Structures are given as C-alpha cells and as structure tokens.
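Asker: Please read through the structure below; I'll follow up with questions.
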Amino acid sequence: MASSETVQAKEHGPKGIASFLRSQMRNIAPFLTLILLSAFFAVASPSFATIDNVGNILTQVSVTGIIAVGLTFVILCAEIDLSIASIANVTGIAVAYFTMQESYVNIANIPLPGWAAILLALLLCAFLGLINALGLTLIGIPSFIMTLAMMQIAAGISALLVRGQIAYKVPPLISTLGSASIGGIPWIVIVAAVMLLGGHLVLTYTRFGRYVYMVGGNREAAEYSGLNVNLILGSVMVIAAVCAGIGGMLGVAHFGSAQQNEFDTYLLDSIAAVVVGGTSLFGGRGGIGNTIVGLFVLGVLNNGLDHVNIDSFLKILIRGLILLAALVINVYAQRLRAKAAE
C-alpha cells in the first residue's frame with residue numbers, strides 16, 4: 001500500500017514530488033551518502049570493491065549492529081542510552097569471569113559450566129537494564145542522566161571483576177558464535193543479521209512495535225489512548241541492555257580477550273549508526289532499516305579510509321563531521337515536518 005506522502009506526491013505533481021522528497025530527506029540522504037562513499041572508495045582503491053572486503057565490512061560492523069538493535073528501540077521512543085558500551089563491556093567480562101581461565105591469567109574468578117556463565121552474564125545485563133528502566137519510569141530520572149550514571153556503575157563492576165587484568169577464555173558456544181565461521185560466513189555476521197531482522201519484524205509487525213512508535217511519536221496521545229507508556233519505556237531500556245550484553249559477549253570472543261574499556265568506542269558507533277541511518281532523535285520515525293543503512297555508511301567509511309591510507313586522526317574528524325551532518329539533517333527534517341503539519 002502506498003504511503004500518504006507517495007499518494008500526495010502523485011496527486012499534486014511536481015510540487016507534490018518536491019514536498020515528498022523534503023519529507024523523506026532523512027531517509028534519502030543516508031542512502032545517497034552510502035552510494036557516494038562506496039563509489040568514491042571503489043575508484044580510489046582497487047582493493048576496496050572486492051567480495052572479500054565486503055565480508056570484512058560485514059564482520060567489522062557486526063558487534064555495532066547487535067548493540068544498535070536495542071538502541072534503535074530506545075531512540076524511537078525519544079530516549080537515549082549512554083550505558084550500552086559499558087554494559088557490553090561488563091557482560092563480556094562477566095562471561096569470561098565465570099569461565100575457567102588459563103593458569104597464567106591472574107584473576108580470582110569463579111569457573112562455572114558454560115551455560116551457567118552465559119545465563120549469569122545475560123541476567124547481569126538484563127538487571128542493569130532494569131535499573132535503567134526503574135530509574136527512568138518510577139523515579140523520573142531523565143534517560144540521559146540515568147544511563148550516564150549506569151555507564152559509571154557498569155564500568156566500576158568491570159574494574160572490580162578483572163582489576164586491570166585480561167581474561168581470554170569464554171564458553172565454547174560464545175567462542176563459536178564470536179570467532180568461528182560456517183560455509184565461509186562468520187557466525188557473528190549471522191547473529192547480527194538475525195537480530196537486526198528480529199528487531200525489524202518486532203517493530204513492523206507486532207503490537208509492541210506499534211506502541212514503540214506511538215510513544216516516540218506523541219507520548220501524551222499514547223497515554224490518552226490507554227497505553228502503559230512507562231511499561232514501553234522500561235521494556236526498551238531492558239531490550240537495549242540485553243542487546244548490548246549479547247554484543248559484548250560475542251565481541252569478547254571475536255577480539256580474543258576481555259578487558260576494561262574494550263567497548264568504549266561502541267557508544268558513539270552505535271548512536272551514529274542509528275542517527276546517521278535516519279532514525280529521528282525526536283522519536284517515532286525510522287527503524288531497523290535505517291539503522292542498517294547507517295551501519296553500512298559507517299562500515300564503508302571506516303574501511304574505505306583504511307584502504308586509502310588516511311591519517312588516523314583525520315579519520316576521527318571525518319566521522320565526526322558525518323555525524324554532525326546527520327544530526328543537522330535530522331533536526332532540519334523535523335522542522336520541515338512540523339511546518340507541514342501547521
């Protein structure tokens with residue numbers, strides 16, 4: 001079925017098409033950015049546009065993609081979670097902490113069966129997400145402040161568990177999913193794809209997904225319609241924490257070690273993937289499809305800059321400029337939509 005914007009564009013000719021393009025700028029701009037970046041790096045470096053390098057890009061964005069699934073739910077509700085990277089880190093450390101380590105690893109850990117280590121790590125990240133949820137919904141602490149505090153709490157737990165040391169072993173299942181392949185395809189890519197697909201199906205075809213969009217689009221209207229807004233907000237905070245925890249466990253296996261501050265850069269990467277892809281920071285618009293485009297924009301950018309040997313410090317600057325551009329487009333698109341609604 002055609003969207004209302006598409007119908008309007010057909011009915012009003014060129015003016016309608018121009019209005020449609022402006023209304024869809026948040027979705028079109030990231031896709032055009034992806035095409036232009038891909039074309040530029042394909043011309044600049046012969047080694048970029050190869051099947052093997054596409055596989056490298058998919059692998060490189062997998063952990064970010066897993067974490068970004070839950071963050072998409074949060075941002076669609078017009079909230080933010082600054083603790084996802086720290087929760088990913090503490091969950092990865094926890095699953096290693098409950099796994100038997102080699103004798104040279106100087107950590108006084110508690111070895112448990114693999115299934116128990118995984119279960120306890122998942123319970124830990126879900127519990128931290130629940131604390132975020134309670135702080136946001138029951139106490140009324142803004143999500144920015146609540147998750148900022150949780151970022152420090154999770155970092156503190158990580159420090160207490162490893163005390164500056166590095167753990168290496170994780171349960172066999174986590175090791176397989178994080179570092180092994182099947183038919184030449186890394187398991188971590190498959191897990192990321194399944195979670196992204198699952199997130200898309202939930203947001204698109206379930207009642208809970210519709211509620212997420214309603215809460216993000218107009219919270220007061222959602223309350224008046226009888227929705228339990230606090231339950232939806234609390235749920236997305238727990239979902240974000242669990243997705244971060246899964247990403248953290250598989251990331252530890254993928255990188256081959258569990259240590260403090262290992263996932264610090266994934267906070268910016270995950271937020272950038274969601275926002276660069278076009279999901280509105282004001283809530284209610286966007287989704288997993290946008291997040292996937294954002295992931296590829298970041299993946300192509302980071303990988304392509306490595307292929308053309310750009311200075312590493314300039315690479316950070318370029319990423320920041322692209323994120324800024326995405327934020328400008330996000331805000332400008334919101335203003336255009338607000339004017340159209342007047």
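Labeling convention for the structure tokens: chains A, B, ... as they appear, residues from 1 per chain, ligands from 1 in order of appearance.
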Could you go through stretch 56-226 of chain A and tell me which residues DSSP, when run on the backbone, assigns to helix (DSSP H, G or I), listing them as a VMD selection string?
Answerer: chain A and resid 56 to 60 62 to 76 84 to 97 114 to 139 143 to 162 172 to 179 187 to 205 207 to 217 219 to 224
Asker: Could the residues of stretch 121-198 of chain A that have an atom at most 9 Å from stretch 241-259 of chain A be listed as JSON lines, each with its closest atom pair and the distance in Å to one decimal, counting only C-alpha atoms and ordered by chain and ascending residue number?
Answerer:
{"residue": "A:Ala121", "atom": "CA", "partner": "A:Gly245", "partner_atom": "CA", "distance": 7.6}
{"residue": "A:Leu122", "atom": "CA", "partner": "A:Gly245", "partner_atom": "CA", "distance": 6.5}
{"residue": "A:Leu123", "atom": "CA", "partner": "A:Val242", "partner_atom": "CA", "distance": 8.5}
{"residue": "A:Leu124", "atom": "CA", "partner": "A:Gly245", "partner_atom": "CA", "distance": 8.5}
{"residue": "A:Cys125", "atom": "CA", "partner": "A:Gly245", "partner_atom": "CA", "distance": 5.6}
{"residue": "A:Ala126", "atom": "CA", "partner": "A:Val242", "partner_atom": "CA", "distance": 5.5}
{"residue": "A:Phe127", "atom": "CA", "partner": "A:Ala241", "partner_atom": "CA", "distance": 8.5}
{"residue": "A:Leu128", "atom": "CA", "partner": "A:Ala241", "partner_atom": "CA", "distance": 7.0}
{"residue": "A:Gly129", "atom": "CA", "partner": "A:Ala241", "partner_atom": "CA", "distance": 4.9}
{"residue": "A:Leu130", "atom": "CA", "partner": "A:Ala241", "partner_atom": "CA", "distance": 8.4}
{"residue": "A:Asn132", "atom": "CA", "partner": "A:Ala241", "partner_atom": "CA", "distance": 8.9}
{"residue": "A:Ser158", "atom": "CA", "partner": "A:Gln259", "partner_atom": "CA", "distance": 8.0}
{"residue": "A:Ala159", "atom": "CA", "partner": "A:Gln259", "partner_atom": "CA", "distance": 8.6}
{"residue": "A:Val162", "atom": "CA", "partner": "A:Gln259", "partner_atom": "CA", "distance": 7.0}
{"residue": "A:Gly164", "atom": "CA", "partner": "A:Gln259", "partner_atom": "CA", "distance": 7.3}
{"residue": "A:Gln165", "atom": "CA", "partner": "A:Gln259", "partner_atom": "CA", "distance": 6.7}
{"residue": "A:Ile166", "atom": "CA", "partner": "A:Gln259", "partner_atom": "CA", "distance": 5.0}
{"residue": "A:Ala167", "atom": "CA", "partner": "A:Ala258", "partner_atom": "CA", "distance": 5.1}
{"residue": "A:Tyr168", "atom": "CA", "partner": "A:Ser257", "partner_atom": "CA", "distance": 4.4}
{"residue": "A:Lys169", "atom": "CA", "partner": "A:Ser257", "partner_atom": "CA", "distance": 7.3}
{"residue": "A:Val170", "atom": "CA", "partner": "A:Ala253", "partner_atom": "CA", "distance": 6.8}
{"residue": "A:Ile174", "atom": "CA", "partner": "A:Leu250", "partner_atom": "CA", "distance": 6.0}
{"residue": "A:Ser175", "atom": "CA", "partner": "A:Ala253", "partner_atom": "CA", "distance": 5.0}
{"residue": "A:Thr176", "atom": "CA", "partner": "A:Ala253", "partner_atom": "CA", "distance": 8.0}
{"residue": "A:Leu177", "atom": "CA", "partner": "A:Leu250", "partner_atom": "CA", "distance": 6.6}
{"residue": "A:Gly178", "atom": "CA", "partner": "A:Leu250", "partner_atom": "CA", "distance": 4.4}
{"residue": "A:Ser179", "atom": "CA", "partner": "A:His254", "partner_atom": "CA", "distance": 4.7}
{"residue": "A:Ala180", "atom": "CA", "partner": "A:His254", "partner_atom": "CA", "distance": 8.5}
{"residue": "A:Ile188", "atom": "CA", "partner": "A:Leu250", "partner_atom": "CA", "distance": 7.1}
{"residue": "A:Ala192", "atom": "CA", "partner": "A:Gly247", "partner_atom": "CA", "distance": 8.7}
{"residue": "A:Met195", "atom": "CA", "partner": "A:Cys243", "partner_atom": "CA", "distance": 8.6}
Asker: Export, as a PDB file, in the first residue's frame, the selected residues with C-alpha atoms.
Answerer:
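As written to disk, result.pdb reads:
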ATOM      1  CA  ALA A 121      26.058 -12.750  32.103  1.00  0.00           C
ATOM      2  CA  LEU A 122      22.681 -12.277  30.404  1.00  0.00           C
ATOM      3  CA  LEU A 123      20.955 -11.867  33.756  1.00  0.00           C
ATOM      4  CA  LEU A 124      23.526  -9.230  34.711  1.00  0.00           C
ATOM      5  CA  CYS A 125      22.945  -7.100  31.616  1.00  0.00           C
ATOM      6  CA  ALA A 126      19.165  -7.508  31.928  1.00  0.00           C
ATOM      7  CA  PHE A 127      19.383  -6.450  35.587  1.00  0.00           C
ATOM      8  CA  LEU A 128      21.394  -3.341  34.705  1.00  0.00           C
ATOM      9  CA  GLY A 129      18.849  -2.534  32.018  1.00  0.00           C
ATOM     10  CA  LEU A 130      16.071  -2.989  34.568  1.00  0.00           C
ATOM     11  CA  ASN A 132      17.846   1.974  33.981  1.00  0.00           C
ATOM     12  CA  SER A 158      34.088  -4.346  35.144  1.00  0.00           C
ATOM     13  CA  ALA A 159      37.044  -2.928  37.052  1.00  0.00           C
ATOM     14  CA  VAL A 162      39.203  -8.038  36.297  1.00  0.00           C
ATOM     15  CA  GLY A 164      43.242  -4.348  35.363  1.00  0.00           C
ATOM     16  CA  GLN A 165      43.939  -7.891  34.162  1.00  0.00           C
ATOM     17  CA  ILE A 166      42.913  -9.554  30.889  1.00  0.00           C
ATOM     18  CA  ALA A 167      40.853 -12.737  30.544  1.00  0.00           C
ATOM     19  CA  TYR A 168      40.890 -14.788  27.364  1.00  0.00           C
ATOM     20  CA  LYS A 169      38.633 -17.819  27.552  1.00  0.00           C
ATOM     21  CA  VAL A 170      34.855 -17.786  27.134  1.00  0.00           C
ATOM     22  CA  ILE A 174      30.234 -17.873  22.720  1.00  0.00           C
ATOM     23  CA  SER A 175      33.634 -18.649  21.202  1.00  0.00           C
ATOM     24  CA  THR A 176      31.983 -20.306  18.198  1.00  0.00           C
ATOM     25  CA  LEU A 177      29.462 -17.537  17.611  1.00  0.00           C
ATOM     26  CA  GLY A 178      32.050 -14.814  18.072  1.00  0.00           C
ATOM     27  CA  SER A 179      35.054 -16.143  16.187  1.00  0.00           C
ATOM     28  CA  ALA A 180      34.126 -19.169  14.043  1.00  0.00           C
ATOM     29  CA  ILE A 188      28.925 -13.185  14.270  1.00  0.00           C
ATOM     30  CA  ALA A 192      23.886  -9.709  13.756  1.00  0.00           C
ATOM     31  CA  MET A 195      18.984  -9.823  15.473  1.00  0.00           C
TER      32      MET A 195
END
Asker: Find the spatial neighbours of stretch 41-49 of chain A, counting only C-alpha atoms, within a cut-off of 7 Å - ignore same-chain residues fewer than 4 positions away - and output them as a PDB file with C-alpha atoms, in the first residue's frame.
Answerer:
ATOM      1  CA  LEU A  37      31.092   6.776  -0.364  1.00  0.00           C
ATOM      2  CA  ASN A  53      36.365  -6.740   1.539  1.00  0.00           C
ATOM      3  CA  GLY A 304      37.462   2.813   2.927  1.00  0.00           C
ATOM      4  CA  HIS A 307      42.209   1.443   2.142  1.00  0.00           C
ATOM      5  CA  VAL A 308      43.243   4.940   1.053  1.00  0.00           C
TER       6      VAL A 308
END
Asker: If I take atom CA of A:Ala29 and atom CA of A:Ser280, how far is one from the other in Å, to one decimal?
Answerer: 13.1 Å
Asker: Between A:Leu36, A:Ala108, A:Leu267, A:Ile322, which is the closest to A:Ile87 once you count only C-alpha atoms?
Answerer: A:Leu267
Asker: List as a list in words the protein and nucleic acid residues near A:Leu268, meaning an atom at most 12 Å away when only C-alpha atoms are counted, but skip any in the same chain fewer than 3 places from it.
Answerer: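 Here the qualifying residues turn out to be Thr64, Ile67, Ala68, Leu71, Ile80, Asp81, Leu82, Ser83, Ile84, Ala85, Ser86, Phe263, Asp264, Thr265, Ile271, Ala272, Ala273, Val274, Val275, Val276, Leu298, Ile316, Arg319, Gly320 and Leu323 of chain A.
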Asker: How would the residues just chosen look if you wrote them out with N, CA, C and O atoms as an mmCIF file, in the first residue's frame?
Answerer:
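Below is the file result.cif, written as the result:
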data_model
loop_
_atom_site.group_PDB
_atom_site.id
_atom_site.type_symbol
_atom_site.label_atom_id
_atom_site.label_comp_id
_atom_site.auth_asym_id
_atom_site.auth_seq_id
_atom_site.Cartn_x
_atom_site.Cartn_y
_atom_site.Cartn_z
ATOM 1 N N THR A 64 28.693 -3.717 16.406
ATOM 2 C CA THR A 64 27.941 -2.461 16.449
ATOM 3 C C THR A 64 26.484 -2.696 16.080
ATOM 4 O O THR A 64 25.571 -2.127 16.699
ATOM 5 N N ILE A 67 24.486 -4.261 18.996
ATOM 6 C CA ILE A 67 24.202 -3.264 20.027
ATOM 7 C C ILE A 67 23.177 -2.244 19.543
ATOM 8 O O ILE A 67 22.289 -1.821 20.282
ATOM 9 N N ALA A 68 23.283 -1.873 18.261
ATOM 10 C CA ALA A 68 22.409 -0.832 17.706
ATOM 11 C C ALA A 68 20.957 -1.280 17.594
ATOM 12 O O ALA A 68 20.065 -0.434 17.510
ATOM 13 N N LEU A 71 19.396 -0.105 20.757
ATOM 14 C CA LEU A 71 19.435 1.350 20.813
ATOM 15 C C LEU A 71 18.395 1.962 19.879
ATOM 16 O O LEU A 71 17.847 3.037 20.168
ATOM 17 N N ILE A 80 17.442 8.058 25.208
ATOM 18 C CA ILE A 80 18.828 7.753 24.863
ATOM 19 C C ILE A 80 19.395 6.820 25.923
ATOM 20 O O ILE A 80 18.936 6.824 27.073
ATOM 21 N N ASP A 81 20.362 6.014 25.541
ATOM 22 C CA ASP A 81 21.030 5.116 26.487
ATOM 23 C C ASP A 81 22.535 5.261 26.310
ATOM 24 O O ASP A 81 23.101 4.784 25.322
ATOM 25 N N LEU A 82 23.174 5.938 27.240
ATOM 26 C CA LEU A 82 24.623 6.153 27.189
ATOM 27 C C LEU A 82 25.400 5.021 27.854
ATOM 28 O O LEU A 82 26.629 5.052 27.868
ATOM 29 N N SER A 83 24.700 4.025 28.397
ATOM 30 C CA SER A 83 25.374 2.956 29.148
ATOM 31 C C SER A 83 25.619 1.705 28.314
ATOM 32 O O SER A 83 26.192 0.739 28.820
ATOM 33 N N ILE A 84 25.186 1.690 27.050
ATOM 34 C CA ILE A 84 25.245 0.448 26.273
ATOM 35 C C ILE A 84 26.668 -0.093 26.122
ATOM 36 O O ILE A 84 26.889 -1.301 26.204
ATOM 37 N N ALA A 85 27.642 0.790 25.892
ATOM 38 C CA ALA A 85 29.015 0.315 25.722
ATOM 39 C C ALA A 85 29.554 -0.276 27.021
ATOM 40 O O ALA A 85 30.208 -1.330 27.015
ATOM 41 N N SER A 86 29.267 0.371 28.147
ATOM 42 C CA SER A 86 29.730 -0.144 29.438
ATOM 43 C C SER A 86 29.029 -1.454 29.798
ATOM 44 O O SER A 86 29.648 -2.351 30.379
ATOM 45 N N PHE A 263 35.062 -1.728 24.971
ATOM 46 C CA PHE A 263 33.967 -1.356 24.072
ATOM 47 C C PHE A 263 33.633 0.132 24.136
ATOM 48 O O PHE A 263 32.557 0.530 23.689
ATOM 49 N N ASP A 264 34.533 0.936 24.653
ATOM 50 C CA ASP A 264 34.230 2.358 24.839
ATOM 51 C C ASP A 264 33.812 3.043 23.537
ATOM 52 O O ASP A 264 32.916 3.887 23.521
ATOM 53 N N THR A 265 34.470 2.700 22.431
ATOM 54 C CA THR A 265 34.172 3.376 21.163
ATOM 55 C C THR A 265 32.813 2.973 20.596
ATOM 56 O O THR A 265 32.297 3.640 19.692
ATOM 57 N N ILE A 271 25.319 4.872 18.410
ATOM 58 C CA ILE A 271 24.450 6.039 18.261
ATOM 59 C C ILE A 271 24.548 6.584 16.840
ATOM 60 O O ILE A 271 23.539 6.931 16.212
ATOM 61 N N ALA A 272 25.768 6.642 16.319
ATOM 62 C CA ALA A 272 25.966 7.147 14.963
ATOM 63 C C ALA A 272 25.249 6.275 13.939
ATOM 64 O O ALA A 272 24.637 6.794 12.997
ATOM 65 N N ALA A 273 25.304 4.960 14.102
ATOM 66 C CA ALA A 273 24.641 4.062 13.153
ATOM 67 C C ALA A 273 23.144 4.330 13.096
ATOM 68 O O ALA A 273 22.537 4.374 12.020
ATOM 69 N N VAL A 274 22.539 4.521 14.267
ATOM 70 C CA VAL A 274 21.094 4.763 14.326
ATOM 71 C C VAL A 274 20.749 6.133 13.748
ATOM 72 O O VAL A 274 19.835 6.263 12.927
ATOM 73 N N VAL A 275 21.507 7.163 14.150
ATOM 74 C CA VAL A 275 21.180 8.530 13.749
ATOM 75 C C VAL A 275 21.572 8.809 12.304
ATOM 76 O O VAL A 275 20.809 9.409 11.541
ATOM 77 N N VAL A 276 22.771 8.370 11.902
ATOM 78 C CA VAL A 276 23.205 8.561 10.517
ATOM 79 C C VAL A 276 22.253 7.855 9.560
ATOM 80 O O VAL A 276 21.974 8.337 8.457
ATOM 81 N N LEU A 298 28.837 3.806 8.071
ATOM 82 C CA LEU A 298 29.995 3.815 8.968
ATOM 83 C C LEU A 298 31.013 2.754 8.576
ATOM 84 O O LEU A 298 32.224 2.996 8.600
ATOM 85 N N ILE A 316 39.070 10.245 12.429
ATOM 86 C CA ILE A 316 38.169 10.577 13.531
ATOM 87 C C ILE A 316 37.409 11.860 13.214
ATOM 88 O O ILE A 316 36.201 11.963 13.452
ATOM 89 N N ARG A 319 34.645 11.209 10.586
ATOM 90 C CA ARG A 319 33.496 10.534 11.187
ATOM 91 C C ARG A 319 32.647 11.527 11.976
ATOM 92 O O ARG A 319 31.417 11.487 11.942
ATOM 93 N N GLY A 320 33.309 12.413 12.709
ATOM 94 C CA GLY A 320 32.575 13.409 13.474
ATOM 95 C C GLY A 320 31.789 14.352 12.584
ATOM 96 O O GLY A 320 30.641 14.705 12.885
ATOM 97 N N LEU A 323 28.700 12.572 11.290
ATOM 98 C CA LEU A 323 27.690 12.503 12.343
ATOM 99 C C LEU A 323 27.011 13.856 12.517
ATOM 100 O O LEU A 323 25.776 13.932 12.670
#
Asker: Rank nothing, just name the residue among A:Gly294, A:Leu173, A:Met214, A:Leu148 nearest to A:Ala116, using only C-alpha atoms.
Answerer: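 Smallest distance to A:Ala116 is found for A:Leu173.
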Asker: Here is a test: counting only C-alpha atoms, which residue of A:Ala117, A:Val189, A:Ala154, A:Val212 is nearest to A:Gly284?
Answerer: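 Among A:Ala117, A:Val189, A:Ala154, A:Val212, it is A:Val212 that comes nearest to A:Gly284.
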